[in-house]
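Written below as structure tokens is the structure these notes are about.
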Amino acid sequence: MSKDFLKYQAQTSPYPLGMEVSHASGSYIYDTNGNAHLDFVAGVSACTLGHCHPKVVSAIKEQVEKYMHVMVYGEYVQSPATTYTKLLADNLPEPLEVTYLVNSGTEAIEGALKLARRYTGRSEIIAAKSAYHGNTMGSLSLMDFEERKSVFRPLLPDIYHIEFNNEKDLEKITHKTACVILETIQGGAGFILPKNGYLKKVKERCKEMGALLILDEIQPGFGRTGKLFAFAHFDCIPDILVIGKGMASGLPVGAFTSSKEIMHTLSENPKMGHITTFGGNPVIAASSLATLDVLLNSSLIEDTLKKELLFKKLLKHPKIKEIRGRGLMLALIMDSPETANKLVLHAKDKNLILFWLLFENRAVRISPPLTITEKEIQEGCEIILALLNSL
């Protein structure tokens, strides 16, 4: 199977990890040799409720037996999507009330950028240095890493960059700016938190200049940081909220949410300002609804902060220089890129799944399912410490 994987399936890197997956359940992924791998990554923050959560699986099965795809997005009333967007609105602050369901986080970013330009009538977009919002052409345009962009040029024009947490850079937001787009917590850069009311100050500057603030919660959303959405930690409500990843417990999904006034501009002049065939797919919406229902009716969200403290208590080692992030969105900042790389690769041999971050090469990702138990945390941390002692 691995030979066919390398021969027929397009690769993203020369050396994929290559585990042959048999099945997955809870906090474990099982390979075809019968080994159980403790998952500290959760599909890169996508499997919020772990693997094959029974309520999610049940919701998917029930919906599949009723109907799957019946019409392109926005034409038919389909209960899973409608019920989900209403429940989402009920649990978001005003004016975040209308949600456009799409197929991935990067498509949600594309839709949000289009919405901001359409609503403001402006073209200038400001993003943060070291940000990651996806890899489609518009999302890629937001990145400031020229080595990742140069071979795909020309990209979107009128993109400018500010330094995250640098208040002096807010002067770059002007009356020409359509929107400022930021990750609530910078992901690929190393799980960097906003400081000193930074997001609130960005929002105030945007309001002063007539620009919109887009917050990318694709990774920190859905309870991963101890709040349903991470912006709640920082006293800042965006004009447009972008979500995805953990939204459907492992199925492909994304969405962007805004006020009715702003979102309405995508429906006229021209009509169908954003269209998608499979957005709002009833099976994926059913999975999203089950995921949100579990989060809202359990202690999983508040428990992430307790689990964060447990990780920080257990993972003390001279080679770990810092632990960044919030809740179960954590990055171990190692003493060198070499240590980080070896830890991820050697953990694989010990049946523990760790992963890298995109830009910070000293970082090791820890973003397990929210359902992970304290015993499983202790088990994984013991493996990490033993490996660090051996490196």
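Letters for chains follow the order of the structure tokens (A, B, ...), residue numbers begin at 1 for each chain, and ligand numbers begin at 1 in the order shown.
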
Any idea what's packed within 10 Å of A:Thr32, counting only C-alpha atoms, ignoring anything in its chain fewer than 6 positions away? Could you give it as a count of residues only?
5

Picked from stretch 125-346 of chain A by DSSP as alpha helix (DSSP H), as a PyMOL selection string:
chain A and resi 137-141+146-149+198-209+260-263+282-296+300-314+337-346

Output file for the residues above (C-alpha atoms, as a PDB file, in the first residue's frame):
```
ATOM      1  CA  MET A 137      -4.125  31.845  -4.089  1.00  0.00           C
ATOM      2  CA  GLY A 138      -5.835  34.485  -1.961  1.00  0.00           C
ATOM      3  CA  SER A 139      -4.841  32.903   1.335  1.00  0.00           C
ATOM      4  CA  LEU A 140      -1.284  32.431   0.094  1.00  0.00           C
ATOM      5  CA  SER A 141      -1.158  36.110  -0.863  1.00  0.00           C
ATOM      6  CA  GLU A 146       8.518  35.142  -0.074  1.00  0.00           C
ATOM      7  CA  GLU A 147      10.243  31.787  -0.492  1.00  0.00           C
ATOM      8  CA  ARG A 148       6.819  30.099  -0.305  1.00  0.00           C
ATOM      9  CA  LYS A 149       5.117  32.683  -2.548  1.00  0.00           C
ATOM     10  CA  TYR A 198      -3.540  44.125  21.134  1.00  0.00           C
ATOM     11  CA  LEU A 199      -6.614  42.713  19.361  1.00  0.00           C
ATOM     12  CA  LYS A 200      -8.905  45.244  20.990  1.00  0.00           C
ATOM     13  CA  LYS A 201      -6.597  48.041  19.833  1.00  0.00           C
ATOM     14  CA  VAL A 202      -6.613  46.669  16.291  1.00  0.00           C
ATOM     15  CA  LYS A 203     -10.414  46.587  16.327  1.00  0.00           C
ATOM     16  CA  GLU A 204     -10.578  50.187  17.567  1.00  0.00           C
ATOM     17  CA  ARG A 205      -8.226  51.333  14.816  1.00  0.00           C
ATOM     18  CA  CYS A 206     -10.249  49.443  12.201  1.00  0.00           C
ATOM     19  CA  LYS A 207     -13.458  51.059  13.403  1.00  0.00           C
ATOM     20  CA  GLU A 208     -11.841  54.495  13.286  1.00  0.00           C
ATOM     21  CA  MET A 209     -10.701  53.930   9.697  1.00  0.00           C
ATOM     22  CA  LYS A 260     -26.639  40.244   8.434  1.00  0.00           C
ATOM     23  CA  GLU A 261     -25.870  43.700   7.036  1.00  0.00           C
ATOM     24  CA  ILE A 262     -22.344  42.784   5.977  1.00  0.00           C
ATOM     25  CA  MET A 263     -23.128  39.251   4.769  1.00  0.00           C
ATOM     26  CA  PRO A 282     -25.931  17.877   5.196  1.00  0.00           C
ATOM     27  CA  VAL A 283     -23.661  15.041   6.354  1.00  0.00           C
ATOM     28  CA  ILE A 284     -20.881  17.424   7.327  1.00  0.00           C
ATOM     29  CA  ALA A 285     -23.384  19.837   8.883  1.00  0.00           C
ATOM     30  CA  ALA A 286     -24.770  16.952  10.961  1.00  0.00           C
ATOM     31  CA  SER A 287     -21.243  16.189  12.156  1.00  0.00           C
ATOM     32  CA  SER A 288     -20.682  19.868  12.962  1.00  0.00           C
ATOM     33  CA  LEU A 289     -23.965  20.035  14.861  1.00  0.00           C
ATOM     34  CA  ALA A 290     -23.139  16.934  16.918  1.00  0.00           C
ATOM     35  CA  THR A 291     -19.680  18.314  17.701  1.00  0.00           C
ATOM     36  CA  LEU A 292     -21.011  21.674  18.858  1.00  0.00           C
ATOM     37  CA  ASP A 293     -23.757  20.005  20.883  1.00  0.00           C
ATOM     38  CA  VAL A 294     -21.217  17.868  22.758  1.00  0.00           C
ATOM     39  CA  LEU A 295     -18.999  20.889  23.427  1.00  0.00           C
ATOM     40  CA  LEU A 296     -21.870  23.002  24.738  1.00  0.00           C
ATOM     41  CA  LEU A 300     -14.675  19.625  27.713  1.00  0.00           C
ATOM     42  CA  ILE A 301     -14.070  23.307  26.972  1.00  0.00           C
ATOM     43  CA  GLU A 302     -13.314  24.346  30.550  1.00  0.00           C
ATOM     44  CA  ASP A 303     -11.308  21.153  31.067  1.00  0.00           C
ATOM     45  CA  THR A 304      -8.823  22.208  28.365  1.00  0.00           C
ATOM     46  CA  LEU A 305      -7.351  24.766  30.772  1.00  0.00           C
ATOM     47  CA  LYS A 306      -6.871  22.104  33.452  1.00  0.00           C
ATOM     48  CA  LYS A 307      -5.211  19.859  30.884  1.00  0.00           C
ATOM     49  CA  GLU A 308      -2.981  22.738  29.807  1.00  0.00           C
ATOM     50  CA  LEU A 309      -1.768  23.072  33.384  1.00  0.00           C
ATOM     51  CA  LEU A 310      -1.101  19.330  33.532  1.00  0.00           C
ATOM     52  CA  PHE A 311       1.016  19.446  30.365  1.00  0.00           C
ATOM     53  CA  LYS A 312       2.979  22.408  31.731  1.00  0.00           C
ATOM     54  CA  LYS A 313       3.462  20.684  35.077  1.00  0.00           C
ATOM     55  CA  LEU A 314       4.729  17.460  33.525  1.00  0.00           C
ATOM     56  CA  PRO A 337      15.496  22.898  15.503  1.00  0.00           C
ATOM     57  CA  GLU A 338      17.486  19.660  15.580  1.00  0.00           C
ATOM     58  CA  THR A 339      16.004  18.685  18.953  1.00  0.00           C
ATOM     59  CA  ALA A 340      12.481  19.456  17.735  1.00  0.00           C
ATOM     60  CA  ASN A 341      12.952  17.412  14.586  1.00  0.00           C
ATOM     61  CA  LYS A 342      14.416  14.424  16.418  1.00  0.00           C
ATOM     62  CA  LEU A 343      11.677  14.497  19.053  1.00  0.00           C
ATOM     63  CA  VAL A 344       8.904  14.288  16.446  1.00  0.00           C
ATOM     64  CA  LEU A 345      10.607  11.513  14.494  1.00  0.00           C
ATOM     65  CA  HIS A 346      11.685   9.438  17.502  1.00  0.00           C
TER      66      HIS A 346
END
```

Would you please give, as a ChimeraX atom specification, all residues of stretch 34-207 of chain A that DSSP assigns to strand (DSSP E) based on the backbone?
/A:36-39,98-102,124-128,159-162,177-183

Can you spit out the residues from that selection as a tab-separated table (two decimals), in the first residue's frame, using N, CA and C atoms?
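Once everything was written out, this is part28.tsv:
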```tsv
chain	number	residue	atom	x	y	z
A	36	ALA	N	-0.99	0.71	18.49
A	36	ALA	CA	-1.82	1.85	18.88
A	36	ALA	C	-0.93	3.07	19.09
A	37	HIS	N	-1.21	4.14	18.38
A	37	HIS	CA	-0.41	5.36	18.45
A	37	HIS	C	-1.21	6.45	19.19
A	38	LEU	N	-0.69	6.89	20.31
A	38	LEU	CA	-1.34	7.94	21.09
A	38	LEU	C	-1.23	9.25	20.32
A	39	ASP	N	-2.37	9.89	20.09
A	39	ASP	CA	-2.43	11.03	19.18
A	39	ASP	C	-2.40	12.35	19.95
A	98	VAL	N	-24.90	35.55	11.05
A	98	VAL	CA	-25.16	34.85	9.79
A	98	VAL	C	-23.89	34.13	9.35
A	99	THR	N	-24.01	32.85	9.04
A	99	THR	CA	-22.86	32.02	8.71
A	99	THR	C	-22.97	31.47	7.30
A	100	TYR	N	-21.88	31.56	6.57
A	100	TYR	CA	-21.77	30.97	5.24
A	100	TYR	C	-20.90	29.72	5.38
A	101	LEU	N	-21.49	28.55	5.10
A	101	LEU	CA	-20.79	27.28	5.24
A	101	LEU	C	-20.05	26.92	3.95
A	102	VAL	N	-18.79	26.56	4.09
A	102	VAL	CA	-17.98	26.19	2.92
A	102	VAL	C	-17.27	24.87	3.20
A	124	GLU	N	-7.39	47.32	-0.34
A	124	GLU	CA	-6.21	47.07	0.49
A	124	GLU	C	-6.51	46.11	1.63
A	125	ILE	N	-5.64	45.11	1.77
A	125	ILE	CA	-5.77	44.12	2.84
A	125	ILE	C	-4.48	44.11	3.65
A	126	ILE	N	-4.62	44.12	4.97
A	126	ILE	CA	-3.46	44.08	5.86
A	126	ILE	C	-3.48	42.77	6.64
A	127	ALA	N	-2.36	42.06	6.57
A	127	ALA	CA	-2.19	40.80	7.29
A	127	ALA	C	-0.97	40.91	8.19
A	128	ALA	N	-0.77	39.91	9.01
A	128	ALA	CA	0.37	39.93	9.94
A	128	ALA	C	1.56	39.18	9.36
A	159	ILE	N	-1.67	43.87	-0.82
A	159	ILE	CA	-1.52	43.19	0.46
A	159	ILE	C	-0.33	43.82	1.19
A	160	TYR	N	-0.56	44.22	2.44
A	160	TYR	CA	0.50	44.83	3.26
A	160	TYR	C	0.57	44.09	4.60
A	161	HIS	N	1.70	44.22	5.27
A	161	HIS	CA	1.92	43.43	6.48
A	161	HIS	C	2.28	44.30	7.68
A	162	ILE	N	1.77	43.86	8.83
A	162	ILE	CA	2.13	44.47	10.11
A	162	ILE	C	2.69	43.38	11.00
A	177	THR	N	-7.85	50.96	3.74
A	177	THR	CA	-7.84	49.55	4.16
A	177	THR	C	-9.24	48.95	4.14
A	178	ALA	N	-9.40	47.86	3.41
A	178	ALA	CA	-10.67	47.12	3.43
A	178	ALA	C	-10.79	46.30	4.70
A	179	CYS	N	-9.70	45.61	5.05
A	179	CYS	CA	-9.76	44.75	6.23
A	179	CYS	C	-8.36	44.47	6.76
A	180	VAL	N	-8.33	44.15	8.03
A	180	VAL	CA	-7.15	43.59	8.67
A	180	VAL	C	-7.52	42.15	9.02
A	181	ILE	N	-6.67	41.21	8.63
A	181	ILE	CA	-6.93	39.81	8.94
A	181	ILE	C	-5.80	39.29	9.82
A	182	LEU	N	-6.19	38.72	10.96
A	182	LEU	CA	-5.24	38.20	11.94
A	182	LEU	C	-5.70	36.84	12.44
A	183	GLU	N	-4.76	35.98	12.77
A	183	GLU	CA	-5.08	34.80	13.57
A	183	GLU	C	-5.25	35.27	15.01
```

Counting only C-alpha atoms, what is within 10 Å of A:Ala347, bar same-chain residues fewer than 3 positions away, as a VMD selection string?
chain A and resid 37 to 38 342 to 344 350 to 355 380 383 to 384 386 to 388

Using only C-alpha atoms, the shortest atom-to-atom distance to A:Met329 among A:Asn33, A:Thr48, A:Gln219, A:Asn297 belongs to A:Gln219

I want to know what sits within 7 Å of stretch 52-55 of chain A, based on only C-alpha atoms, with residues of the same chain fewer than 6 positions away left out; could you give that as a list in words?
Ala24, Ser25, Gly26 and Ala290 of chain A

Shortest contact to A:Met334, candidates A:Asn196, A:Asn361, A:Ser298, A:Ser2, atoms counted only C-alpha atoms, goes to A:Asn361

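Take atom CA of A:Ala230 and atom CA of A:Ile218: the distance between them is 10.3 Å.
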